[in-house]
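The next block is protein.cif, given as mmCIF, C-alpha atoms.
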```cif
data_run
loop_
_atom_site.group_PDB
_atom_site.id
_atom_site.type_symbol
_atom_site.label_atom_id
_atom_site.label_comp_id
_atom_site.auth_asym_id
_atom_site.auth_seq_id
_atom_site.Cartn_x
_atom_site.Cartn_y
_atom_site.Cartn_z
ATOM 1 C CA MET A 26 35.547 -2.142 15.497
ATOM 2 C CA THR A 27 35.545 -5.123 13.135
ATOM 3 C CA HIS A 28 33.303 -7.051 15.546
ATOM 4 C CA LEU A 29 30.861 -4.121 15.723
ATOM 5 C CA LYS A 30 30.788 -3.894 11.917
ATOM 6 C CA ARG A 31 30.093 -7.628 11.668
ATOM 7 C CA ILE A 32 27.168 -7.294 14.097
ATOM 8 C CA LEU A 33 25.667 -4.300 12.287
ATOM 9 C CA LEU A 34 25.893 -5.987 8.881
ATOM 10 C CA GLY A 35 24.631 -9.332 10.160
ATOM 11 C CA GLU A 36 21.017 -10.432 10.489
ATOM 12 C CA GLN A 37 20.837 -9.060 14.033
ATOM 13 C CA GLY A 38 22.331 -5.715 13.010
ATOM 14 C CA LEU A 39 19.087 -4.257 11.710
ATOM 15 C CA VAL A 40 17.288 -5.237 14.918
ATOM 16 C CA VAL A 41 19.962 -3.417 16.951
ATOM 17 C CA ILE A 42 19.690 -0.307 14.768
ATOM 18 C CA PHE A 43 15.894 -0.415 14.980
ATOM 19 C CA ALA A 44 15.937 -0.818 18.779
ATOM 20 C CA VAL A 45 18.288 2.158 19.232
ATOM 21 C CA ALA A 46 16.257 4.325 16.858
ATOM 22 C CA PHE A 47 13.003 3.321 18.572
ATOM 23 C CA VAL A 48 14.349 4.315 22.002
ATOM 24 C CA ILE A 49 15.632 7.659 20.709
ATOM 25 C CA VAL A 50 12.328 8.467 18.987
ATOM 26 C CA SER A 51 10.336 7.402 22.058
ATOM 27 C CA LEU A 52 12.325 9.773 24.260
ATOM 28 C CA THR A 53 12.343 12.757 21.908
ATOM 29 C CA VAL A 54 9.020 12.752 20.026
ATOM 30 C CA PRO A 55 5.919 13.712 22.084
ATOM 31 C CA ASN A 56 3.007 11.226 22.112
ATOM 32 C CA PHE A 57 4.935 8.657 20.075
ATOM 33 C CA LEU A 58 4.339 5.849 22.585
ATOM 34 C CA SER A 59 0.654 6.605 23.113
ATOM 35 C CA GLU A 60 -1.706 3.715 22.373
ATOM 36 C CA ARG A 61 -3.549 5.750 19.755
ATOM 37 C CA ASN A 62 -0.328 6.582 17.907
ATOM 38 C CA MET A 63 1.006 3.018 18.072
ATOM 39 C CA LEU A 64 -2.209 1.615 16.585
ATOM 40 C CA GLY A 65 -2.203 4.383 13.971
ATOM 41 C CA LEU A 66 1.405 3.553 13.108
ATOM 42 C CA LEU A 67 0.604 -0.135 12.626
ATOM 43 C CA GLN A 68 -2.493 0.747 10.595
ATOM 44 C CA SER A 69 -0.399 2.945 8.310
ATOM 45 C CA VAL A 70 1.995 0.108 7.411
ATOM 46 C CA VAL A 71 -0.648 -2.597 6.859
ATOM 47 C CA THR A 72 -0.596 -2.297 3.060
ATOM 48 C CA ILE A 73 3.211 -2.210 2.851
ATOM 49 C CA GLY A 74 3.562 -5.014 5.415
ATOM 50 C CA ILE A 75 1.132 -7.387 3.720
ATOM 51 C CA ILE A 76 2.665 -6.956 0.266
ATOM 52 C CA ALA A 77 6.221 -7.151 1.600
ATOM 53 C CA CYS A 78 5.499 -10.763 2.614
ATOM 54 C CA THR A 79 5.408 -11.868 -1.022
ATOM 55 C CA MET A 80 7.728 -9.207 -2.440
ATOM 56 C CA MET A 81 10.291 -10.888 -0.192
ATOM 57 C CA PHE A 82 9.872 -14.083 -2.240
ATOM 58 C CA CYS A 83 10.115 -12.170 -5.545
ATOM 59 C CA LEU A 84 13.362 -10.470 -4.519
ATOM 60 C CA ALA A 85 14.779 -13.657 -2.993
ATOM 61 C CA SER A 86 14.287 -15.428 -6.335
ATOM 62 C CA ARG A 87 16.079 -12.625 -8.249
ATOM 63 C CA ASP A 88 12.874 -10.974 -9.480
ATOM 64 C CA PHE A 89 10.802 -7.988 -8.391
ATOM 65 C CA ASP A 90 7.333 -6.646 -9.075
ATOM 66 C CA LEU A 91 6.690 -3.001 -9.944
ATOM 67 C CA SER A 92 2.978 -3.578 -10.595
ATOM 68 C CA VAL A 93 1.924 -4.091 -6.953
ATOM 69 C CA GLY A 94 0.592 -0.549 -6.473
ATOM 70 C CA SER A 95 -1.576 -0.756 -9.586
ATOM 71 C CA THR A 96 -2.788 -4.237 -8.620
ATOM 72 C CA VAL A 97 -3.783 -2.981 -5.168
ATOM 73 C CA ALA A 98 -5.788 -0.107 -6.662
ATOM 74 C CA PHE A 99 -7.384 -2.293 -9.342
ATOM 75 C CA SER A 100 -8.307 -5.061 -6.890
ATOM 76 C CA GLY A 101 -9.870 -2.557 -4.507
ATOM 77 C CA MET A 102 -11.878 -1.112 -7.398
ATOM 78 C CA VAL A 103 -13.028 -4.593 -8.468
ATOM 79 C CA ALA A 104 -14.060 -5.506 -4.916
ATOM 80 C CA VAL A 105 -16.176 -2.356 -4.537
ATOM 81 C CA MET A 106 -17.742 -2.533 -8.009
ATOM 82 C CA ALA A 107 -18.516 -6.253 -7.769
ATOM 83 C CA SER A 108 -19.994 -5.828 -4.282
ATOM 84 C CA ASN A 109 -22.159 -2.953 -5.478
ATOM 85 C CA ALA A 110 -23.328 -4.880 -8.554
ATOM 86 C CA THR A 111 -24.142 -8.181 -6.787
ATOM 87 C CA GLY A 112 -25.066 -6.945 -3.326
ATOM 88 C CA SER A 113 -22.636 -9.508 -1.895
ATOM 89 C CA ILE A 114 -19.408 -8.500 -0.163
ATOM 90 C CA LEU A 115 -18.170 -12.087 -0.377
ATOM 91 C CA LEU A 116 -18.517 -12.112 -4.174
ATOM 92 C CA GLY A 117 -16.708 -8.778 -4.298
ATOM 93 C CA LEU A 118 -13.826 -10.186 -2.277
ATOM 94 C CA LEU A 119 -13.685 -13.287 -4.462
ATOM 95 C CA ALA A 120 -13.672 -11.183 -7.644
ATOM 96 C CA ALA A 121 -10.815 -9.056 -6.289
ATOM 97 C CA VAL A 122 -8.719 -12.093 -5.343
ATOM 98 C CA LEU A 123 -9.298 -13.669 -8.770
ATOM 99 C CA CYS A 124 -8.288 -10.459 -10.550
ATOM 100 C CA GLY A 125 -5.195 -10.022 -8.405
ATOM 101 C CA GLY A 126 -4.206 -13.648 -8.910
ATOM 102 C CA PHE A 127 -4.734 -13.291 -12.660
ATOM 103 C CA VAL A 128 -2.476 -10.229 -12.883
ATOM 104 C CA GLY A 129 0.214 -12.009 -10.860
ATOM 105 C CA THR A 130 -0.039 -15.166 -12.960
ATOM 106 C CA VAL A 131 0.274 -13.174 -16.198
ATOM 107 C CA ASN A 132 3.410 -11.527 -14.806
ATOM 108 C CA GLY A 133 4.839 -14.906 -13.854
ATOM 109 C CA VAL A 134 4.066 -16.564 -17.194
ATOM 110 C CA VAL A 135 5.517 -13.714 -19.255
ATOM 111 C CA ILE A 136 8.673 -13.605 -17.110
ATOM 112 C CA ALA A 137 9.208 -17.349 -16.660
ATOM 113 C CA ARG A 138 7.921 -18.819 -19.934
ATOM 114 C CA PHE A 139 8.625 -16.010 -22.406
ATOM 115 C CA ARG A 140 11.816 -14.953 -20.602
ATOM 116 C CA ILE A 141 10.974 -11.251 -20.620
ATOM 117 C CA ASN A 142 12.876 -9.185 -18.053
ATOM 118 C CA ALA A 143 10.929 -8.679 -14.796
ATOM 119 C CA LEU A 144 11.583 -4.921 -14.896
ATOM 120 C CA ILE A 145 10.006 -4.519 -18.351
ATOM 121 C CA THR A 146 7.154 -6.975 -17.690
ATOM 122 C CA THR A 147 5.990 -5.521 -14.401
ATOM 123 C CA LEU A 148 6.547 -1.945 -15.617
ATOM 124 C CA ALA A 149 4.188 -2.747 -18.495
ATOM 125 C CA THR A 150 1.559 -4.396 -16.300
ATOM 126 C CA MET A 151 1.828 -1.497 -13.847
ATOM 127 C CA GLN A 152 0.662 0.827 -16.625
ATOM 128 C CA ILE A 153 -1.903 -1.592 -18.085
ATOM 129 C CA VAL A 154 -3.586 -2.461 -14.783
ATOM 130 C CA ARG A 155 -3.678 1.181 -13.649
ATOM 131 C CA GLY A 156 -5.241 2.002 -16.995
ATOM 132 C CA PHE A 157 -7.933 -0.655 -16.499
ATOM 133 C CA ALA A 158 -8.716 0.802 -13.067
ATOM 134 C CA LEU A 159 -9.107 4.289 -14.542
ATOM 135 C CA ILE A 160 -11.196 3.035 -17.487
ATOM 136 C CA ALA A 161 -13.521 0.958 -15.287
ATOM 137 C CA SER A 162 -14.208 3.907 -12.988
ATOM 138 C CA ASP A 163 -14.022 6.640 -15.619
ATOM 139 C CA GLY A 164 -11.221 8.116 -13.537
ATOM 140 C CA ARG A 165 -13.442 8.722 -10.497
ATOM 141 C CA ALA A 166 -13.684 7.166 -7.061
ATOM 142 C CA VAL A 167 -16.391 4.504 -6.694
ATOM 143 C CA GLY A 168 -18.423 4.720 -3.497
ATOM 144 C CA ILE A 169 -19.361 1.692 -1.399
ATOM 145 C CA ASN A 170 -23.094 0.928 -1.246
ATOM 146 C CA ASP A 171 -23.059 -1.575 1.627
ATOM 147 C CA PRO A 172 -21.857 -0.052 4.946
ATOM 148 C CA SER A 173 -20.843 -3.561 6.072
ATOM 149 C CA PHE A 174 -17.881 -3.275 3.681
ATOM 150 C CA TYR A 175 -16.413 -0.637 6.000
ATOM 151 C CA GLN A 176 -16.250 -3.162 8.832
ATOM 152 C CA LEU A 177 -13.420 -5.019 7.089
ATOM 153 C CA ALA A 178 -11.133 -2.178 8.157
ATOM 154 C CA LEU A 179 -13.045 -0.677 11.103
ATOM 155 C CA SER A 180 -13.767 -3.859 13.084
ATOM 156 C CA ARG A 181 -11.575 -4.730 16.062
ATOM 157 C CA PHE A 182 -10.548 -7.869 17.901
ATOM 158 C CA LEU A 183 -9.211 -7.515 21.462
ATOM 159 C CA GLY A 184 -9.084 -3.769 20.866
ATOM 160 C CA ILE A 185 -6.767 -4.071 17.854
ATOM 161 C CA PRO A 186 -8.038 -3.245 14.322
ATOM 162 C CA THR A 187 -8.632 -6.293 12.132
ATOM 163 C CA PRO A 188 -6.186 -5.215 9.351
ATOM 164 C CA ILE A 189 -3.326 -5.315 11.885
ATOM 165 C CA TRP A 190 -4.289 -8.896 12.799
ATOM 166 C CA VAL A 191 -4.357 -9.764 9.089
ATOM 167 C CA MET A 192 -0.862 -8.320 8.628
ATOM 168 C CA GLY A 193 0.415 -10.249 11.649
ATOM 169 C CA LEU A 194 -1.111 -13.474 10.303
ATOM 170 C CA PHE A 195 0.585 -12.920 6.945
ATOM 171 C CA PHE A 196 3.923 -12.369 8.683
ATOM 172 C CA ILE A 197 3.548 -15.672 10.523
ATOM 173 C CA VAL A 198 2.308 -17.699 7.541
ATOM 174 C CA PHE A 199 4.878 -16.479 5.022
ATOM 175 C CA GLY A 200 7.664 -16.613 7.603
ATOM 176 C CA PHE A 201 6.788 -20.278 8.112
ATOM 177 C CA VAL A 202 6.636 -20.870 4.343
ATOM 178 C CA LEU A 203 10.069 -19.288 3.865
ATOM 179 C CA ASN A 204 11.842 -21.131 6.674
ATOM 180 C CA ARG A 205 9.992 -24.434 7.039
ATOM 181 C CA THR A 206 8.740 -25.529 3.619
ATOM 182 C CA VAL A 207 10.247 -26.846 0.400
ATOM 183 C CA PHE A 208 8.690 -23.879 -1.409
ATOM 184 C CA GLY A 209 10.694 -21.444 0.699
ATOM 185 C CA LYS A 210 13.935 -23.383 0.390
ATOM 186 C CA ASN A 211 13.497 -23.661 -3.390
ATOM 187 C CA THR A 212 12.860 -19.914 -3.605
ATOM 188 C CA LEU A 213 16.170 -19.160 -1.883
ATOM 189 C CA ALA A 214 17.918 -21.802 -3.992
ATOM 190 C CA ILE A 215 16.643 -20.249 -7.219
ATOM 191 C CA GLY A 216 17.836 -16.846 -6.077
ATOM 192 C CA GLY A 217 21.222 -18.252 -5.166
ATOM 193 C CA ASN A 218 21.771 -20.129 -8.432
ATOM 194 C CA PRO A 219 18.882 -20.723 -10.877
ATOM 195 C CA GLU A 220 20.835 -23.094 -13.120
ATOM 196 C CA ALA A 221 22.040 -25.255 -10.222
ATOM 197 C CA SER A 222 18.461 -25.377 -8.910
ATOM 198 C CA ARG A 223 17.209 -26.533 -12.310
ATOM 199 C CA LEU A 224 19.842 -29.247 -12.469
ATOM 200 C CA ALA A 225 18.846 -30.329 -8.942
ATOM 201 C CA GLY A 226 15.291 -30.986 -10.159
ATOM 202 C CA VAL A 227 13.551 -27.730 -9.231
ATOM 203 C CA ASP A 228 11.007 -26.546 -11.808
ATOM 204 C CA VAL A 229 12.291 -22.972 -11.829
ATOM 205 C CA ALA A 230 9.699 -21.606 -14.264
ATOM 206 C CA ARG A 231 6.758 -23.034 -12.316
ATOM 207 C CA MET A 232 8.174 -21.718 -9.039
ATOM 208 C CA ARG A 233 8.487 -18.214 -10.453
ATOM 209 C CA ILE A 234 4.906 -18.317 -11.754
ATOM 210 C CA TRP A 235 3.638 -19.419 -8.335
ATOM 211 C CA ILE A 236 5.582 -16.635 -6.606
ATOM 212 C CA PHE A 237 4.069 -13.959 -8.838
ATOM 213 C CA ALA A 238 0.582 -15.499 -8.543
ATOM 214 C CA LEU A 239 0.888 -15.320 -4.742
ATOM 215 C CA GLN A 240 2.081 -11.736 -5.084
ATOM 216 C CA GLY A 241 -1.083 -10.865 -7.029
ATOM 217 C CA ILE A 242 -3.397 -12.581 -4.530
ATOM 218 C CA VAL A 243 -1.763 -10.818 -1.587
ATOM 219 C CA CYS A 244 -2.041 -7.478 -3.418
ATOM 220 C CA ALA A 245 -5.771 -8.162 -3.813
ATOM 221 C CA VAL A 246 -6.175 -8.720 -0.069
ATOM 222 C CA ALA A 247 -4.284 -5.484 0.624
ATOM 223 C CA GLY A 248 -6.409 -3.682 -1.976
ATOM 224 C CA VAL A 249 -9.672 -4.793 -0.361
ATOM 225 C CA LEU A 250 -8.521 -3.656 3.087
ATOM 226 C CA LEU A 251 -7.326 -0.327 1.671
ATOM 227 C CA ALA A 252 -10.627 0.287 -0.145
ATOM 228 C CA SER A 253 -12.491 -0.463 3.073
ATOM 229 C CA ARG A 254 -10.273 1.931 5.057
ATOM 230 C CA ILE A 255 -10.587 4.840 2.592
ATOM 231 C CA THR A 256 -14.319 4.012 2.132
ATOM 232 C CA SER A 257 -14.187 3.830 -1.682
ATOM 233 C CA GLY A 258 -12.487 2.277 -4.661
ATOM 234 C CA GLN A 259 -9.812 4.736 -5.788
ATOM 235 C CA PRO A 260 -8.205 4.199 -9.228
ATOM 236 C CA ASN A 261 -5.234 6.358 -8.187
ATOM 237 C CA ALA A 262 -4.699 4.619 -4.834
ATOM 238 C CA ALA A 263 -1.326 3.146 -3.830
ATOM 239 C CA THR A 264 0.705 5.203 -6.308
ATOM 240 C CA GLY A 265 4.407 4.642 -5.598
ATOM 241 C CA LEU A 266 3.665 1.770 -3.220
ATOM 242 C CA GLU A 267 6.072 -0.566 -5.025
ATOM 243 C CA LEU A 268 9.096 1.549 -4.082
ATOM 244 C CA SER A 269 8.113 1.625 -0.400
ATOM 245 C CA VAL A 270 7.630 -2.152 -0.347
ATOM 246 C CA ILE A 271 10.952 -2.857 -2.083
ATOM 247 C CA SER A 272 12.698 -0.395 0.247
ATOM 248 C CA ALA A 273 11.261 -2.137 3.309
ATOM 249 C CA CYS A 274 12.331 -5.563 2.039
ATOM 250 C CA VAL A 275 15.872 -4.541 1.081
ATOM 251 C CA LEU A 276 16.268 -2.545 4.293
ATOM 252 C CA GLY A 277 15.184 -5.733 6.076
ATOM 253 C CA GLY A 278 18.043 -7.740 4.590
ATOM 254 C CA VAL A 279 16.452 -9.249 1.476
ATOM 255 C CA SER A 280 19.181 -9.311 -1.155
ATOM 256 C CA LEU A 281 18.578 -7.682 -4.535
ATOM 257 C CA ALA A 282 20.917 -10.334 -5.926
ATOM 258 C CA GLY A 283 18.619 -13.079 -4.628
ATOM 259 C CA GLY A 284 19.170 -16.024 -2.319
ATOM 260 C CA ARG A 285 18.872 -14.198 1.020
ATOM 261 C CA ALA A 286 15.742 -13.266 2.982
ATOM 262 C CA ALA A 287 14.422 -13.287 6.549
ATOM 263 C CA MET A 288 10.908 -12.451 7.707
ATOM 264 C CA THR A 289 12.135 -10.845 10.945
ATOM 265 C CA GLY A 290 14.231 -8.431 8.914
ATOM 266 C CA VAL A 291 11.314 -7.605 6.625
ATOM 267 C CA ILE A 292 9.097 -6.852 9.645
ATOM 268 C CA VAL A 293 11.722 -4.471 11.031
ATOM 269 C CA GLY A 294 12.147 -2.858 7.595
ATOM 270 C CA VAL A 295 8.389 -2.273 7.358
ATOM 271 C CA LEU A 296 8.313 -0.733 10.832
ATOM 272 C CA ILE A 297 11.247 1.559 10.035
ATOM 273 C CA MET A 298 9.383 2.859 6.974
ATOM 274 C CA GLY A 299 6.277 3.442 9.106
ATOM 275 C CA ILE A 300 8.105 5.096 11.980
ATOM 276 C CA ALA A 301 9.919 7.521 9.665
ATOM 277 C CA GLU A 302 6.615 8.740 8.228
ATOM 278 C CA ASN A 303 4.871 8.704 11.610
ATOM 279 C CA VAL A 304 7.558 10.824 13.276
ATOM 280 C CA MET A 305 7.384 13.408 10.501
ATOM 281 C CA ASN A 306 3.614 13.612 10.936
ATOM 282 C CA LEU A 307 3.919 14.024 14.717
ATOM 283 C CA LEU A 308 6.512 16.779 14.242
ATOM 284 C CA ASN A 309 4.242 18.505 11.670
ATOM 285 C CA ILE A 310 6.860 18.251 8.939
ATOM 286 C CA GLN A 311 5.463 19.027 5.487
ATOM 287 C CA ALA A 312 4.404 16.006 3.432
ATOM 288 C CA PHE A 313 6.725 17.109 0.611
ATOM 289 C CA TYR A 314 9.737 16.167 2.709
ATOM 290 C CA GLN A 315 8.438 12.599 3.043
ATOM 291 C CA TYR A 316 9.371 11.980 -0.585
ATOM 292 C CA VAL A 317 12.947 12.998 0.208
ATOM 293 C CA VAL A 318 13.042 10.719 3.255
ATOM 294 C CA ARG A 319 11.641 7.759 1.293
ATOM 295 C CA GLY A 320 14.300 8.269 -1.359
ATOM 296 C CA LEU A 321 17.046 8.434 1.263
ATOM 297 C CA ILE A 322 15.733 5.258 2.910
ATOM 298 C CA LEU A 323 15.803 3.482 -0.473
ATOM 299 C CA LEU A 324 19.411 4.582 -1.042
ATOM 300 C CA LEU A 325 20.322 3.471 2.486
ATOM 301 C CA ALA A 326 18.663 0.103 1.864
ATOM 302 C CA VAL A 327 20.669 -0.484 -1.323
ATOM 303 C CA LEU A 328 23.880 0.643 0.403
ATOM 304 C CA LEU A 329 23.294 -1.807 3.259
ATOM 305 C CA ASP A 330 22.556 -4.569 0.741
ATOM 306 C CA ASN A 331 25.874 -3.900 -1.017
ATOM 307 C CA LEU A 332 27.760 -3.866 2.291
ATOM 308 C CA ARG A 333 26.130 -7.134 3.383
ATOM 309 C CA SER A 334 26.977 -8.769 0.049
ATOM 310 C CA ALA A 335 30.583 -7.575 0.262
ATOM 311 C CA ALA A 336 30.862 -8.840 3.849
ATOM 312 C CA GLY A 337 29.409 -12.199 2.777
ATOM 313 C CA ARG A 338 31.958 -12.554 -0.047
ATOM 314 C CA GLN A 339 34.803 -11.765 2.355
ATOM 315 C CA ARG A 340 33.649 -14.494 4.748
ATOM 316 C CA VAL A 341 33.561 -16.974 1.879
#
```
Output the structure of this file as structure tokens.
Amino acid sequence: MTHLKRILLGEQGLVVIFAVAFVIVSLTVPNFLSERNMLGLLQSVVTIGIIACTMMFCLASRDFDLSVGSTVAFSGMVAVMASNATGSILLGLLAAVLCGGFVGTVNGVVIARFRINALITTLATMQIVRGFALIASDGRAVGINDPSFYQLALSRFLGIPTPIWVMGLFFIVFGFVLNRTVFGKNTLAIGGNPEASRLAGVDVARMRIWIFALQGIVCAVAGVLLASRITSGQPNAATGLELSVISACVLGGVSLAGGRAAMTGVIVGVLIMGIAENVMNLLNIQAFYQYVVRGLILLLAVLLDNLRSAAGRQRV
């Protein structure tokens, strides 16, 4: 029993749970394994999956970002409006990335340099950025003038939609950064003990600014893809996204106390979030119940995080 508990609370435990759940769902839910449903499932988690790549770094360094949903909506709005105004999709994409990076950098500077709590800072920017999106659009959706913009989300490579390839690329790149670079090791070190990291020569403030700047840039990419998929810039898009992303990360083994993260776990956490929603859709369960399920998943994620932390302290 103790051995089983150790496996379930270890890094491989989530993979085991996911595999068992996947088999059960495959056998009990009609059409779940169809190619159309599998691609639809992956499409539905693209936004969460892309942003989880950098939220993982925020959480691993003892921070978090509640402004990601607003940044996604605002960046998508900027991309559409800039593309419409200039007639250039490339300039629209560049404008979105710059805006997203700016929001992330502001978060990082306020948190790292002015030592304002990440909860308060990102809660404030969540409201401010959402407000800018609503003001810029007068509270209405902004249509896309150039049909080529739609191809960002509709195009396919080897039969798989481009956004899924983008998400997979982000998983690979940020997994490599976390495990194989000094940046990743310093992130985990800061989360483990910020003061010891500072004494070891790590510029903690600069690292935190870079992490939040990356978070903003990645949100911009997700925002552009989302705007392309829903065929407009929506100022109210991605509401509540931050909770889904944090849930996926924590469910995937990223510690809320910092210092622990694994890309494989985050990928599984993202897929669990997607499968839960997908199964409810296939079973024609009312959308209202999805809020309940998301809340339960968040509670489960925090419970697992506490159990993992307790198990880690016992081993020490």
Starting from the shown file, work through the PyMOL selection byres ((chain A and resi 133) around 10) and note down what comes out as a PyMOL selection string.
chain A and resi 88+90+127-132+134-141+143+146-147+230-241
When you look at region 118-124 of chain A with a cut-off of 12 Å (counting only C-alpha atoms), what residues show up, excluding the ones that are within fewer than 5 positions of it in the same chain? I need them as a PDB file with C-alpha atoms, in the frame of the given file.
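Result saved to out-v9.pdb:
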```
ATOM      1  CA  SER A  95      -1.576  -0.756  -9.586  1.00  0.00           C
ATOM      2  CA  THR A  96      -2.788  -4.237  -8.620  1.00  0.00           C
ATOM      3  CA  VAL A  97      -3.783  -2.981  -5.168  1.00  0.00           C
ATOM      4  CA  ALA A  98      -5.788  -0.107  -6.662  1.00  0.00           C
ATOM      5  CA  PHE A  99      -7.384  -2.293  -9.342  1.00  0.00           C
ATOM      6  CA  SER A 100      -8.307  -5.061  -6.890  1.00  0.00           C
ATOM      7  CA  GLY A 101      -9.870  -2.557  -4.507  1.00  0.00           C
ATOM      8  CA  MET A 102     -11.878  -1.112  -7.398  1.00  0.00           C
ATOM      9  CA  VAL A 103     -13.028  -4.593  -8.468  1.00  0.00           C
ATOM     10  CA  ALA A 104     -14.060  -5.506  -4.916  1.00  0.00           C
ATOM     11  CA  VAL A 105     -16.176  -2.356  -4.537  1.00  0.00           C
ATOM     12  CA  MET A 106     -17.742  -2.533  -8.009  1.00  0.00           C
ATOM     13  CA  ALA A 107     -18.516  -6.253  -7.769  1.00  0.00           C
ATOM     14  CA  SER A 108     -19.994  -5.828  -4.282  1.00  0.00           C
ATOM     15  CA  ASN A 109     -22.159  -2.953  -5.478  1.00  0.00           C
ATOM     16  CA  ALA A 110     -23.328  -4.880  -8.554  1.00  0.00           C
ATOM     17  CA  THR A 111     -24.142  -8.181  -6.787  1.00  0.00           C
ATOM     18  CA  GLY A 112     -25.066  -6.945  -3.326  1.00  0.00           C
ATOM     19  CA  SER A 113     -22.636  -9.508  -1.895  1.00  0.00           C
ATOM     20  CA  GLY A 129       0.214 -12.009 -10.860  1.00  0.00           C
ATOM     21  CA  THR A 130      -0.039 -15.166 -12.960  1.00  0.00           C
ATOM     22  CA  VAL A 131       0.274 -13.174 -16.198  1.00  0.00           C
ATOM     23  CA  VAL A 154      -3.586  -2.461 -14.783  1.00  0.00           C
ATOM     24  CA  PHE A 157      -7.933  -0.655 -16.499  1.00  0.00           C
ATOM     25  CA  ALA A 158      -8.716   0.802 -13.067  1.00  0.00           C
ATOM     26  CA  PHE A 174     -17.881  -3.275   3.681  1.00  0.00           C
ATOM     27  CA  LEU A 177     -13.420  -5.019   7.089  1.00  0.00           C
ATOM     28  CA  ALA A 238       0.582 -15.499  -8.543  1.00  0.00           C
ATOM     29  CA  LEU A 239       0.888 -15.320  -4.742  1.00  0.00           C
ATOM     30  CA  GLN A 240       2.081 -11.736  -5.084  1.00  0.00           C
ATOM     31  CA  GLY A 241      -1.083 -10.865  -7.029  1.00  0.00           C
ATOM     32  CA  ILE A 242      -3.397 -12.581  -4.530  1.00  0.00           C
ATOM     33  CA  VAL A 243      -1.763 -10.818  -1.587  1.00  0.00           C
ATOM     34  CA  CYS A 244      -2.041  -7.478  -3.418  1.00  0.00           C
ATOM     35  CA  ALA A 245      -5.771  -8.162  -3.813  1.00  0.00           C
ATOM     36  CA  VAL A 246      -6.175  -8.720  -0.069  1.00  0.00           C
ATOM     37  CA  ALA A 247      -4.284  -5.484   0.624  1.00  0.00           C
ATOM     38  CA  GLY A 248      -6.409  -3.682  -1.976  1.00  0.00           C
ATOM     39  CA  VAL A 249      -9.672  -4.793  -0.361  1.00  0.00           C
ATOM     40  CA  LEU A 250      -8.521  -3.656   3.087  1.00  0.00           C
ATOM     41  CA  ALA A 252     -10.627   0.287  -0.145  1.00  0.00           C
ATOM     42  CA  SER A 253     -12.491  -0.463   3.073  1.00  0.00           C
ATOM     43  CA  GLY A 258     -12.487   2.277  -4.661  1.00  0.00           C
TER      44      GLY A 258
END
```
As number ranges by chain, please: the residues near Pro219 (chain A) (cut-off 10 Å, only C-alpha atoms, same-chain neighbours under 2 positions excluded).
A: 86-87, 211-217, 221-225, 227-230, 283-284
Would you mind listing, for every residue of region 228-305 of chain A within 10 Å of region 312-320 of chain A, the two atoms forming the shortest contact and the distance between them in Å to one decimal, using all atoms listed in the file, sorted by chain and ascending residue number, as a Markdown table?
```
| residue | atom | partner | partner_atom | distance |
| --- | --- | --- | --- | --- |
| A:Leu268 | CA | A:Arg319 | CA | 8.6 |
| A:Ser269 | CA | A:Arg319 | CA | 7.3 |
| A:Ser272 | CA | A:Arg319 | CA | 8.3 |
| A:Met298 | CA | A:Arg319 | CA | 7.8 |
| A:Ala301 | CA | A:Val318 | CA | 7.8 |
| A:Glu302 | CA | A:Gln315 | CA | 6.7 |
| A:Met305 | CA | A:Gln315 | CA | 7.6 |
```
Writing out the chosen residues with C-alpha atoms as a compact mmCIF listing (two decimals), in the frame of the given file:
```
# COMPACT_ATOMS: atom_id res chain seq x y z
CA LEU A 268 9.10 1.55 -4.08
CA SER A 269 8.11 1.62 -0.40
CA SER A 272 12.70 -0.40 0.25
CA MET A 298 9.38 2.86 6.97
CA ALA A 301 9.92 7.52 9.66
CA GLU A 302 6.62 8.74 8.23
CA MET A 305 7.38 13.41 10.50
```
Expected answer as number ranges by chain: all residues with atoms within 12 Å of (18.2, -0.8, -0.7), all atoms listed in the file
A: 84, 268-282, 294, 319-334
Would you work out the distance separating CA of Gly265 (chain A) from CA of Gly117 (chain A), expressed in Å to one decimal?
25.1 Å
Excluding region 92-94 of chain A and its own-chain neighbours fewer than 3 positions away, which residues fall within 6 Å of it when counting all atoms listed in the file? Please give them as a ChimeraX atom specification.
/A:97,147,150-151,263-264,266-267
I would like the residues chosen by the PyMOL selection byres ((chain A and resi 188) around 12) on the shown file; could you give them as a count of residues only?
39
What is the CA of Val50 (chain A) to CA of Asn306 (chain A) distance in Å?
12.9 Å
From CA of Ile300 (chain A) to CA of Pro55 (chain A) the spacing works out at 13.5 Å
